[in-house]
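**Q** What follows is the file upload-v9.txt, containing compact mmCIF, C-alpha atoms:
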# COMPACT_ATOMS: atom_id res chain seq x y z
CA MET A 1 145.92 210.12 153.24
CA LYS A 2 142.83 212.27 153.53
CA ILE A 3 141.99 215.51 151.78
CA TYR A 4 139.33 217.76 153.21
CA ASP A 5 137.86 219.74 150.35
CA ILE A 6 134.82 220.48 148.24
CA GLU A 7 134.51 219.40 144.65
CA GLY A 8 134.46 222.07 141.96
CA PHE A 9 136.17 224.84 143.93
CA PRO A 10 139.35 226.31 142.39
CA ASN A 11 142.05 225.38 144.94
CA PRO A 12 140.64 221.89 145.53
CA ALA A 13 140.68 221.47 141.74
CA ARG A 14 144.42 222.26 141.62
CA VAL A 15 145.14 219.47 144.09
CA ARG A 16 142.84 216.99 142.35
CA ILE A 17 144.46 217.66 138.98
CA ALA A 18 147.94 217.25 140.50
CA LEU A 19 146.89 213.95 142.08
CA ALA A 20 145.51 212.70 138.76
CA GLU A 21 148.70 213.70 136.91
CA LYS A 22 150.72 211.65 139.41
CA GLY A 23 148.35 208.68 139.36
CA ALA A 24 147.77 209.14 143.08
CA THR A 25 144.04 209.86 143.26
CA SER A 26 143.11 206.38 144.46
CA ASP A 27 145.38 206.79 147.52
CA VAL A 28 143.24 209.63 148.82
CA GLU A 29 140.10 209.56 150.92
CA PHE A 30 138.26 212.77 150.12
CA VAL A 31 136.26 214.25 153.00
CA HIS A 32 133.60 216.74 151.98
CA VAL A 33 133.66 220.06 153.85
CA ASP A 34 130.40 222.02 153.87
CA VAL A 35 131.98 225.31 152.84
CA LEU A 36 128.65 226.90 151.90
CA GLY A 37 127.45 226.06 155.42
CA GLY A 38 130.60 227.57 156.95
CA GLU A 39 132.09 224.31 158.23
CA HIS A 40 135.63 225.48 157.31
CA ARG A 41 135.31 228.28 159.86
CA THR A 42 134.33 226.09 162.81
CA GLU A 43 136.76 225.55 165.67
CA ALA A 44 136.96 221.84 164.84
CA PHE A 45 138.12 222.58 161.30
CA ARG A 46 140.48 225.39 162.33
CA HIS A 47 142.23 222.81 164.48
CA LYS A 48 143.14 221.07 161.21
CA ASN A 49 143.74 224.26 159.26
CA PRO A 50 144.03 227.61 161.07
CA ASP A 51 143.64 229.34 157.70
CA ALA A 52 140.00 228.15 157.73
CA ALA A 53 140.14 227.11 154.09
CA VAL A 54 140.06 224.06 151.86
CA PRO A 55 141.86 222.00 150.72
CA CYS A 56 143.64 220.50 153.73
CA LEU A 57 145.75 217.35 153.55
CA GLU A 58 145.91 214.93 156.48
CA LEU A 59 148.82 212.48 156.47
CA SER A 60 148.58 209.07 158.10
CA ASP A 61 150.64 210.32 161.07
CA GLY A 62 148.07 213.04 161.71
CA THR A 63 150.10 215.93 160.24
CA HIS A 64 147.94 218.54 158.54
CA ILE A 65 149.21 220.38 155.50
CA SER A 66 147.28 223.28 154.06
CA GLN A 67 148.03 226.00 151.53
CA CYS A 68 147.59 224.64 148.03
CA ASN A 69 151.24 224.93 146.95
CA ALA A 70 152.38 223.04 150.04
CA ILE A 71 149.95 220.22 149.30
CA THR A 72 150.96 219.94 145.67
CA GLU A 73 154.62 220.14 146.71
CA TYR A 74 153.96 217.15 148.96
CA ILE A 75 152.21 215.18 146.22
CA ASP A 76 154.91 215.88 143.65
CA ALA A 77 157.72 214.90 146.03
CA ALA A 78 155.95 211.83 147.44
CA TYR A 79 154.91 210.36 144.07
CA THR A 80 157.71 209.94 141.59
CA ASP A 81 155.49 208.50 138.84
CA GLY A 82 153.98 210.82 136.27
CA PRO A 83 155.42 214.13 135.11
CA SER A 84 157.34 216.30 137.56
CA LEU A 85 155.02 219.19 138.37
CA THR A 86 157.53 221.31 140.33
CA GLY A 87 160.75 220.66 138.38
CA THR A 88 163.76 218.38 138.64
CA ASN A 89 166.66 220.85 138.84
CA ALA A 90 167.31 224.30 140.29
CA LYS A 91 166.45 226.26 137.16
CA GLU A 92 163.29 224.29 136.38
CA ARG A 93 162.11 224.55 139.98
CA ALA A 94 162.69 228.30 139.95
CA ARG A 95 160.92 228.92 136.63
CA ILE A 96 157.92 226.83 137.66
CA SER A 97 157.74 228.54 141.06
CA MET A 98 157.94 231.97 139.44
CA MET A 99 155.25 231.28 136.86
CA ASN A 100 153.05 229.47 139.38
CA THR A 101 153.23 232.50 141.66
CA ARG A 102 152.39 234.87 138.82
CA ALA A 103 149.39 232.72 137.85
CA GLU A 104 148.31 232.42 141.47
CA ILE A 105 148.65 236.02 142.62
CA GLY A 106 147.82 237.67 139.33
CA LEU A 107 144.99 235.45 138.14
CA LEU A 108 143.52 232.93 140.58
CA ASN A 109 143.82 235.02 143.75
CA ALA A 110 142.93 238.22 141.90
CA VAL A 111 139.72 236.65 140.54
CA SER A 112 138.99 235.23 144.00
CA THR A 113 139.37 238.64 145.63
CA TYR A 114 137.12 240.19 142.99
CA PHE A 115 134.51 237.47 143.54
CA HIS A 116 134.56 237.65 147.34
CA HIS A 117 134.77 241.44 147.62
CA ALA A 118 133.11 243.04 144.60
CA THR A 119 130.27 240.58 143.94
CA PRO A 120 127.81 238.90 146.35
CA GLY A 121 130.36 236.05 146.47
CA LEU A 122 129.17 233.20 148.66
CA GLY A 123 126.40 235.31 150.17
CA PRO A 124 126.06 237.59 153.19
CA ASP A 125 126.49 234.86 155.82
CA LEU A 126 129.98 234.02 154.57
CA GLU A 127 131.14 237.33 153.11
CA VAL A 128 131.30 239.11 156.44
CA TYR A 129 133.83 241.69 155.25
CA GLN A 130 133.95 243.09 151.75
CA CYS A 131 136.08 245.85 150.27
CA GLY A 132 134.49 246.50 146.88
CA GLU A 133 137.08 248.99 145.70
CA TRP A 134 139.92 246.52 146.21
CA GLY A 135 137.87 243.73 144.67
CA ASN A 136 137.29 245.71 141.49
CA LYS A 137 140.98 246.63 141.32
CA GLN A 138 141.83 242.92 141.45
CA LYS A 139 139.58 242.29 138.45
CA GLU A 140 141.83 244.66 136.52
CA VAL A 141 144.87 242.75 137.79
CA ALA A 142 143.34 239.47 136.56
CA GLU A 143 142.72 240.97 133.11
CA GLN A 144 146.29 242.26 132.93
CA THR A 145 147.60 238.85 133.96
CA MET A 146 145.58 237.11 131.24
CA ALA A 147 147.26 239.39 128.69
CA TYR A 148 150.69 238.70 130.23
CA LEU A 149 150.16 234.92 130.15
CA ASP A 150 149.02 235.16 126.53
CA GLY A 151 152.35 236.81 125.72
CA VAL A 152 154.30 234.08 127.51
CA LEU A 153 152.42 231.43 125.53
CA ALA A 154 153.36 233.11 122.24
CA ASN A 155 156.87 231.65 122.70
CA ASN A 156 156.33 228.66 125.01
CA ASP A 157 154.25 225.49 124.85
CA TYR A 158 153.45 225.79 128.55
CA LEU A 159 153.74 228.56 131.10
CA ALA A 160 157.12 227.51 132.47
CA GLY A 161 158.58 226.38 129.14
CA GLU A 162 158.41 223.08 127.25
CA ALA A 163 156.72 220.97 129.90
CA PHE A 164 153.35 221.01 131.64
CA SER A 165 153.72 222.00 135.32
CA MET A 166 151.96 223.30 138.42
CA ALA A 167 152.02 226.76 136.83
CA ASP A 168 149.64 225.47 134.14
CA ILE A 169 147.39 223.81 136.70
CA THR A 170 147.17 227.04 138.71
CA ALA A 171 146.43 229.18 135.67
CA PHE A 172 143.87 226.67 134.41
CA ALA A 173 142.06 226.77 137.76
CA GLY A 174 142.28 230.56 137.65
CA LEU A 175 140.51 230.66 134.28
CA SER A 176 137.81 228.28 135.53
CA PHE A 177 137.23 230.63 138.47
CA ALA A 178 137.20 233.57 136.02
CA ASP A 179 134.37 231.87 134.08
CA PHE A 180 132.44 231.35 137.28
CA ALA A 181 132.97 234.96 138.40
CA LYS A 182 132.16 236.26 134.91
CA VAL A 183 135.59 237.75 134.26
CA GLU A 184 135.85 237.29 130.52
CA ILE A 185 138.91 236.15 128.59
CA PRO A 186 139.27 238.67 125.75
CA ALA A 187 138.87 236.91 122.36
CA LYS A 188 142.13 238.45 121.14
CA LEU A 189 144.14 236.39 123.64
CA THR A 190 144.38 233.55 121.14
CA ASN A 191 147.50 231.94 122.66
CA LEU A 192 145.86 231.71 126.06
CA ILE A 193 142.64 230.31 124.58
CA ALA A 194 144.51 227.68 122.51
CA TRP A 195 146.63 226.68 125.54
CA ARG A 196 143.48 226.31 127.64
CA GLU A 197 141.95 224.02 125.02
CA LYS A 198 145.11 221.91 124.97
CA VAL A 199 145.36 221.68 128.76
CA SER A 200 141.67 220.86 129.16
CA SER A 201 142.13 217.74 127.02
CA ARG A 202 144.67 216.19 129.42
CA PRO A 203 143.29 213.03 131.06
CA SER A 204 143.82 214.60 134.51
CA ILE A 205 141.30 217.29 133.61
CA ALA A 206 139.07 215.84 130.88
CA ALA A 207 138.34 212.61 132.77
CA MET B 1 174.99 235.18 138.74
CA LYS B 2 173.61 238.68 139.22
CA ILE B 3 170.93 239.87 141.57
CA TYR B 4 169.21 243.16 140.89
CA ASP B 5 168.02 244.52 144.21
CA ILE B 6 168.28 247.26 146.79
CA GLU B 7 169.87 246.73 150.16
CA GLY B 8 167.66 246.91 153.24
CA PHE B 9 164.34 246.17 151.55
CA PRO B 10 162.40 243.16 152.87
CA ASN B 11 162.30 240.80 149.88
CA PRO B 12 165.92 241.50 148.90
CA ALA B 13 166.80 240.75 152.54
CA ARG B 14 165.19 237.29 152.30
CA VAL B 15 167.39 236.42 149.33
CA ARG B 16 170.55 237.84 150.91
CA ILE B 17 169.96 235.85 154.12
CA ALA B 18 169.33 232.66 152.10
CA LEU B 19 172.56 233.23 150.15
CA ALA B 20 174.52 233.74 153.38
CA GLU B 21 173.04 230.58 154.91
CA LYS B 22 174.21 228.60 151.88
CA GLY B 23 177.64 230.26 151.75
CA ALA B 24 176.85 231.53 148.27
CA THR B 25 177.01 235.31 148.71
CA SER B 26 180.41 235.65 147.07
CA ASP B 27 179.09 234.05 143.85
CA VAL B 28 176.70 236.95 143.33
CA GLU B 29 177.22 240.29 141.68
CA PHE B 30 174.65 242.63 143.22
CA VAL B 31 173.34 245.33 140.92
CA HIS B 32 171.68 248.27 142.68
CA VAL B 33 168.23 249.21 141.38
CA ASP B 34 167.11 252.78 142.12
CA VAL B 35 163.71 251.78 143.48
CA LEU B 36 163.08 255.16 145.08
CA GLY B 37 163.70 256.72 141.65
CA GLY B 38 161.30 254.27 140.00
CA GLU B 39 163.93 252.34 138.02
CA HIS B 40 162.10 249.03 138.65
CA ARG B 41 159.14 250.37 136.66
CA THR B 42 161.09 251.33 133.54
CA GLU B 43 160.67 249.35 130.34
CA ALA B 44 164.30 248.23 130.52
CA PHE B 45 163.78 246.69 133.95
CA ARG B 46 160.39 245.18 133.10
CA HIS B 47 162.18 243.31 130.33
CA LYS B 48 164.07 241.50 133.12
CA ASN B 49 161.11 241.30 135.48
CA PRO B 50 157.58 242.03 134.23
CA ASP B 51 156.45 242.21 137.86
CA ALA B 52 158.44 245.46 138.12
CA ALA B 53 159.89 244.51 141.48
CA VAL B 54 163.14 243.56 143.18
CA PRO B 55 164.86 241.21 143.70
CA CYS B 56 165.48 239.68 140.28
CA LEU B 57 168.05 236.95 139.66
CA GLU B 58 169.95 236.76 136.37
CA LEU B 59 171.64 233.44 135.59
CA SER B 60 174.77 233.21 133.47
CA ASP B 61 172.67 231.98 130.50
CA GLY B 62 170.57 235.15 130.65
CA THR B 63 167.51 233.57 132.31
CA HIS B 64 165.72 235.91 134.69
CA ILE B 65 164.04 234.58 137.81
CA SER B 66 161.91 236.82 139.93
CA GLN B 67 159.44 236.27 142.76
CA CYS B 68 161.31 235.82 146.01
CA ASN B 69 160.32 232.19 146.63
CA ALA B 70 161.46 231.20 143.16
CA ILE B 71 164.86 232.82 143.73
CA THR B 72 165.36 231.17 147.12
CA GLU B 73 164.18 227.86 145.64
CA TYR B 74 166.92 228.25 143.03
CA ILE B 75 169.58 229.07 145.62
CA ASP B 76 168.61 226.18 147.89
CA ALA B 77 168.58 223.66 145.03
CA ALA B 78 171.76 224.94 143.37
CA TYR B 79 173.87 225.07 146.55
CA THR B 80 173.95 221.87 148.54
CA ASP B 81 176.21 223.24 151.29
CA GLY B 82 174.65 224.77 154.37
CA PRO B 83 171.28 223.90 155.87
CA SER B 84 168.43 222.92 153.58
CA LEU B 85 166.08 225.91 153.56
CA THR B 86 163.20 224.27 151.68
CA GLY B 87 163.31 220.70 153.05
CA THR B 88 164.76 217.37 152.02
CA ASN B 89 161.68 215.13 151.85
CA ALA B 90 158.03 215.47 150.92
CA LYS B 91 156.74 216.20 154.43
CA GLU B 92 159.49 218.69 155.28
CA ARG B 93 159.04 220.48 151.96
CA ALA B 94 155.30 220.71 152.53
CA ARG B 95 155.56 222.01 156.10
CA ILE B 96 158.14 224.62 155.15
CA SER B 97 156.09 225.72 152.13
CA MET B 98 152.94 225.98 154.26
CA MET B 99 154.59 228.00 157.01
CA ASN B 100 156.51 230.16 154.55
CA THR B 101 153.26 231.01 152.80
CA ARG B 102 151.54 231.85 156.08
CA ALA B 103 154.45 234.12 157.06
CA GLU B 104 154.51 235.69 153.61
CA ILE B 105 150.82 236.32 153.03
CA GLY B 106 149.85 236.93 156.64
CA LEU B 107 152.81 238.97 157.79
CA LEU B 108 155.26 240.26 155.18
CA ASN B 109 152.76 240.94 152.39
CA ALA B 110 150.13 242.18 154.85
CA VAL B 111 152.58 244.71 156.34
CA SER B 112 153.66 245.67 152.83
CA THR B 113 150.08 246.31 151.74
CA TYR B 114 149.46 248.37 154.88
CA PHE B 115 152.61 250.39 154.23
CA HIS B 116 151.93 251.02 150.54
CA HIS B 117 148.18 251.66 150.87
CA ALA B 118 147.44 253.10 154.31
CA THR B 119 150.55 255.21 154.92
CA PRO B 120 152.43 257.61 152.59
CA GLY B 121 154.54 254.57 151.66
CA LEU B 122 157.31 255.47 149.23
CA GLY B 123 155.73 258.83 148.45
CA PRO B 124 153.22 260.15 145.91
CA ASP B 125 155.39 259.60 142.83
CA LEU B 126 155.56 255.85 143.46
CA GLU B 127 152.29 255.18 145.30
CA VAL B 128 150.10 255.94 142.31
CA TYR B 129 147.16 253.87 143.56
CA GLN B 130 146.26 253.46 147.20
CA CYS B 131 143.28 251.77 148.83
CA GLY B 132 143.48 252.88 152.45
CA GLU B 133 140.63 250.71 153.68
CA TRP B 134 142.27 247.54 152.40
CA GLY B 135 145.65 248.67 153.72
CA ASN B 136 144.29 249.12 157.22
CA LYS B 137 142.58 245.74 157.07
CA GLN B 138 145.91 244.16 156.22
CA LYS B 139 147.46 245.70 159.33
CA GLU B 140 144.89 243.71 161.32
CA VAL B 141 145.86 240.59 159.37
CA ALA B 142 149.53 241.17 160.23
CA GLU B 143 148.70 241.51 163.92
CA GLN B 144 146.64 238.31 163.85
CA THR B 145 149.48 236.50 162.11
CA MET B 146 151.98 237.63 164.75
CA ALA B 147 149.72 236.06 167.39
CA TYR B 148 149.38 232.88 165.32
CA LEU B 149 153.15 232.58 164.85
CA ASP B 150 153.67 233.12 168.58
CA GLY B 151 151.41 230.13 169.20
CA VAL B 152 153.34 227.96 166.74
CA LEU B 153 156.59 228.89 168.49
CA ALA B 154 155.20 227.80 171.86
CA ASN B 155 155.71 224.20 170.69
CA ASN B 156 158.40 224.46 168.02
CA ASP B 157 161.98 225.75 167.91
CA TYR B 158 161.39 227.20 164.46
CA LEU B 159 158.30 227.93 162.39
CA ALA B 160 158.34 224.68 160.43
CA GLY B 161 159.53 222.48 163.31
CA GLU B 162 162.98 221.63 164.63
CA ALA B 163 165.06 223.24 161.91
CA PHE B 164 165.60 226.79 160.66
CA SER B 165 164.07 227.25 157.18
CA MET B 166 162.82 229.73 154.61
CA ALA B 167 159.70 230.15 156.72
CA ASP B 168 161.85 231.71 159.44
CA ILE B 169 163.63 233.96 156.97
CA THR B 170 160.32 235.19 155.56
CA ALA B 171 158.83 235.85 159.00
CA PHE B 172 162.02 237.58 160.15
CA ALA B 173 161.90 239.89 157.12
CA GLY B 174 158.22 240.47 157.83
CA LEU B 175 158.97 241.63 161.37
CA SER B 176 161.73 243.94 160.11
CA PHE B 177 159.22 245.47 157.71
CA ALA B 178 156.73 245.73 160.58
CA ASP B 179 159.28 247.77 162.57
CA PHE B 180 159.82 250.05 159.60
CA ALA B 181 156.06 250.49 159.03
CA LYS B 182 155.47 250.97 162.78
CA VAL B 183 153.30 247.88 163.20
CA GLU B 184 154.17 246.92 166.75
CA ILE B 185 154.82 243.42 168.05
CA PRO B 186 152.69 243.13 171.21
CA ALA B 187 154.92 242.58 174.27
CA LYS B 188 152.82 239.56 175.30
CA LEU B 189 154.01 237.60 172.25
CA THR B 190 157.03 236.34 174.18
CA ASN B 191 157.64 233.26 172.02
CA LEU B 192 157.80 235.36 168.88
CA ILE B 193 160.10 237.91 170.52
CA ALA B 194 162.46 235.21 171.85
CA TRP B 195 162.52 233.46 168.45
CA ARG B 196 163.35 236.76 166.75
CA GLU B 197 166.25 237.31 169.12
CA LYS B 198 167.56 233.81 168.42
CA VAL B 199 167.22 234.15 164.64
CA SER B 200 168.82 237.59 164.59
CA SER B 201 172.00 236.15 166.11
CA ARG B 202 172.57 233.76 163.18
CA PRO B 203 175.74 234.68 161.24
CA SER B 204 173.64 235.08 158.06
CA ILE B 205 171.77 237.93 159.71
CA ALA B 206 174.04 239.32 162.43
CA ALA B 207 177.07 239.64 160.14
Take the structure I supplied and represent it as structure tokens, if you would.
**A**
Amino acid sequence: MKIYDIEGFPNPARVRIALAEKGATSDVEFVHVDVLGGEHRTEAFRHKNPDAAVPCLELSDGTHISQCNAITEYIDAAYTDGPSLTGTNAKERARISMMNTRAEIGLLNAVSTYFHHATPGLGPDLEVYQCGEWGNKQKEVAEQTMAYLDGVLANNDYLAGEAFSMADITAFAGLSFADFAKVEIPAKLTNLIAWREKVSSRPSIAA
Amino acid sequence: MKIYDIEGFPNPARVRIALAEKGATSDVEFVHVDVLGGEHRTEAFRHKNPDAAVPCLELSDGTHISQCNAITEYIDAAYTDGPSLTGTNAKERARISMMNTRAEIGLLNAVSTYFHHATPGLGPDLEVYQCGEWGNKQKEVAEQTMAYLDGVLANNDYLAGEAFSMADITAFAGLSFADFAKVEIPAKLTNLIAWREKVSSRPSIAA
């Protein structure tokens, strides 16, 4: 399979970490998309992904799958080796989905909206519409979510309970984006900071 | 199990349709939440769901699951009767997830943001922060998504292919919300209109 993406960006990172957790990285041909040059918005790329975004998975039968959670859902279902990232029974699946959504909407997407709307983002050629007020509001949302996640981690090893899951990968990518966008993690969020240290030492991330 | 919700609202409707599809409605005790009176924002309710939103599922062991996709994930995994709403193999799961996300972000959530930010929404007591510019932008997003979904339905019986799925439920709820918020479906979107007619005649919805 192929993955169209760009190294170092937050959503591509989620997929690459998931692949590494499942031992599936070597099955993928990565195709670089020139996001800074606007390649993801060309007609040719929109044919693969009408959302005009990376990452985008291409299966051997030509099917294109985009939206990060759909891609990681595919990887977790297709590769049974490695830890389950989306859960193995109804309750696990639900808890992971819930926490993954909270990390995605409240942290990763909130930081992204702040970056693209309330800062110069990727520059004037790419940021053709900005709503600064909404962007700044989303920075507040991200800060509130950090505090919420810190509270969850006071009583849980990982965001969805005892086991590492997609929710952790999403939150980890969200914090990396927060660093990049200069949204600081308050020093008092010691559970979140300790969890980040622990997660960052996993081979799928540290390697 | 219990579901805290309010009848007629879009996300509660998604869960109720999923339950009916799986023949699971009679296993649920519905608990009415006075959303218009702000009950979902009280400390007591936030203890169940820190997102301060309905629906919220309570399992018999006291676990609370919120976020609509997490609840429907639970229902689909816990009840094996009825059609699979989230897919039975990696590719199906990925396609349904992708299309469900597009319908959710691009239609249901976009209409919701328009309604809560660029109209009086649920009134001044509940709409304590509004960003009208962003709300109006999301109305445009909803209209673009309707056109996109119409194109998908030119070549597919349902949004994720041959079979009815959560993606259809989410889009159907999105269109109901669009009616309520007076975001019109353009008459030229004949595939979308015909699909809606077909979906609305399912026993899970028509009953």
**Q** Neighbours of range 59-70 of chain B within 6 Å (only C-alpha atoms; same-chain residues fewer than 4 positions away dropped), as a list in words?
**A**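 Non-adjacent residues within range: Ala94, Ser97 and Met98 of chain A; Met1 of chain B.
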**Q** Sorted by chain and rising residue number, list the residues of chain A at most 10 Å from chain B (counting all atoms listed in the file), each with its closest atom pair and distance in Å to one decimal, as a Markdown table.
**A**
| residue | atom | partner | partner_atom | distance |
| --- | --- | --- | --- | --- |
| A:Pro50 | CA | B:Tyr148 | CA | 8.6 |
| A:Asp51 | CA | B:Arg102 | CA | 8.4 |
| A:Leu59 | CA | B:Lys91 | CA | 9.0 |
| A:Thr63 | CA | B:Lys91 | CA | 8.8 |
| A:His64 | CA | B:Arg95 | CA | 8.7 |
| A:Ile65 | CA | B:Arg95 | CA | 6.6 |
| A:Ser66 | CA | B:Met98 | CA | 6.3 |
| A:Gln67 | CA | B:Met98 | CA | 5.6 |
| A:Cys68 | CA | B:Met98 | CA | 8.3 |
| A:Asn69 | CA | B:Ser97 | CA | 7.1 |
| A:Ala70 | CA | B:Ala94 | CA | 4.5 |
| A:Ile71 | CA | B:Ala94 | CA | 6.3 |
| A:Thr72 | CA | B:Ala94 | CA | 8.2 |
| A:Glu73 | CA | B:Ala94 | CA | 5.9 |
| A:Tyr74 | CA | B:Ala90 | CA | 4.8 |
| A:Ile75 | CA | B:Ala90 | CA | 7.5 |
| A:Asp76 | CA | B:Ala90 | CA | 7.9 |
| A:Ala77 | CA | B:Ala90 | CA | 4.9 |
| A:Ala78 | CA | B:Ala90 | CA | 5.4 |
| A:Tyr79 | CA | B:Ala90 | CA | 9.1 |
| A:Thr88 | CA | B:Ala77 | CA | 9.6 |
| A:Asn89 | CA | B:Ala77 | CA | 7.1 |
| A:Ala90 | CA | B:Tyr74 | CA | 4.8 |
| A:Lys91 | CA | B:Tyr74 | CA | 6.2 |
| A:Glu92 | CA | B:Tyr74 | CA | 8.5 |
| A:Arg93 | CA | B:Tyr74 | CA | 6.8 |
| A:Ala94 | CA | B:Ala70 | CA | 4.5 |
| A:Arg95 | CA | B:Ile65 | CA | 6.6 |
| A:Ile96 | CA | B:Ala70 | CA | 7.9 |
| A:Ser97 | CA | B:Ala70 | CA | 5.0 |
| A:Met98 | CA | B:Ala70 | CA | 5.2 |
| A:Met99 | CA | B:Gln67 | CA | 8.8 |
| A:Asn100 | CA | B:Ala70 | CA | 9.4 |
| A:Thr101 | CA | B:Gln67 | CA | 7.3 |
| A:Arg102 | CA | B:Gln67 | CA | 8.2 |
| A:Gly106 | CA | B:Asp51 | CA | 9.9 |
| A:Tyr129 | CA | B:Lys137 | CA | 9.8 |
| A:Gln130 | CA | B:Trp134 | CA | 9.5 |
| A:Cys131 | CA | B:Trp134 | CA | 6.8 |
| A:Gly132 | CA | B:Trp134 | CA | 9.6 |
| A:Glu133 | CA | B:Cys131 | CA | 7.5 |
| A:Trp134 | CA | B:Trp134 | CA | 6.7 |
| A:Gly135 | CA | B:Trp134 | CA | 9.7 |
| A:Lys137 | CA | B:Cys131 | CA | 9.4 |
| A:Tyr148 | CA | B:Pro50 | CA | 8.6 |
**Q** How far is it from CA of Leu108 in chain B to CA of Pro10 in chain B, in Å with one decimal?
**A** 8.0 Å
**Q** From the set B:Arg41, B:Lys48, B:Arg196, B:Lys139, which residue has the shortest atom-to-atom contact distance to Ile169 in chain B, counting all atoms listed in the file?
**A**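 Using all atoms listed in the file, Ile169 in chain B sits closest to B:Arg196.
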**Q** Centre and edge lengths, as AutoDock Vina command-line options, for the axis-aligned box enclosing every listed atom of range 149-159 of chain B with 5 Å of padding on each of the six sides, in Å to one decimal?
**A**
--center_x 156.7 --center_y 228.7 --center_z 167.1 --size_x 20.6 --size_y 18.9 --size_z 19.5
**Q** Find the distance between CA of Gly161 in chain B and CA of Gly87 in chain B and write it in Å to one decimal.
**A** 11.1 Å
**Q** Which neighbours of Ala154 in chain A fall inside 9 Å, counting all atoms listed in the file, when residues of the same chain fewer than 3 positions from it are skipped, and could you give them as a ChimeraX atom specification?
**A** /A:149-151,157,191-192
**Q** Write the residues of the preceding selection, restricted to C-alpha atoms, as a PDB file, in the frame of the given file.
**A**
ATOM      1  CA  LEU A 149     150.160 234.920 130.150  1.00  0.00           C
ATOM      2  CA  ASP A 150     149.020 235.160 126.530  1.00  0.00           C
ATOM      3  CA  GLY A 151     152.350 236.810 125.720  1.00  0.00           C
ATOM      4  CA  ASP A 157     154.250 225.490 124.850  1.00  0.00           C
ATOM      5  CA  ASN A 191     147.500 231.940 122.660  1.00  0.00           C
ATOM      6  CA  LEU A 192     145.860 231.710 126.060  1.00  0.00           C
TER       7      LEU A 192
END
**Q** So which residues fall inside 12 Å of (163.2, 254.8, 145.7) if we count all atoms listed in the file? Mind giving them as a ChimeraX atom specification?
**A** /B:5-9,32-41,53-54,121-127
**Q** Given only C-alpha atoms as the basis, pick out the residue of A:Glu43, A:Lys22, A:Phe180, A:Ala187 nearest to Asp81 in chain A.
**A**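 Smallest separation from Asp81 in chain A among the options: A:Lys22.
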**Q** Using all atoms listed in the file for the distances, tell me which of B:Thr119, B:Thr145, B:Asn136, B:Thr170 is nearest to Pro12 in chain B.
**A**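 Under the stated criterion, the closest residue is B:Thr170.
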**Q** For the atom pair CA of Val31 in chain A and CA of Lys182 in chain A, what is the interatomic distance in Å to one decimal place?
**A**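 Atom-to-atom, CA of Val31 in chain A and CA of Lys182 in chain A are spaced 28.8 Å apart.
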**Q** Within 12 Å of Thr25 in chain A, counting only C-alpha atoms, which residues qualify if same-chain residues fewer than 2 places away don't, as a VMD selection string?
**A** chain A and resid 1 to 3 15 to 23 27 to 30 75 79 204
**Q** Pick from A:Ser165, A:Val111, A:Leu175, A:Leu189: nearest to Leu153 in chain A, with all atoms listed in the file counted?
**A**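 Checking each of A:Ser165, A:Val111, A:Leu175, A:Leu189 against Leu153 in chain A, counting all atoms listed in the file, the winner is A:Leu189.
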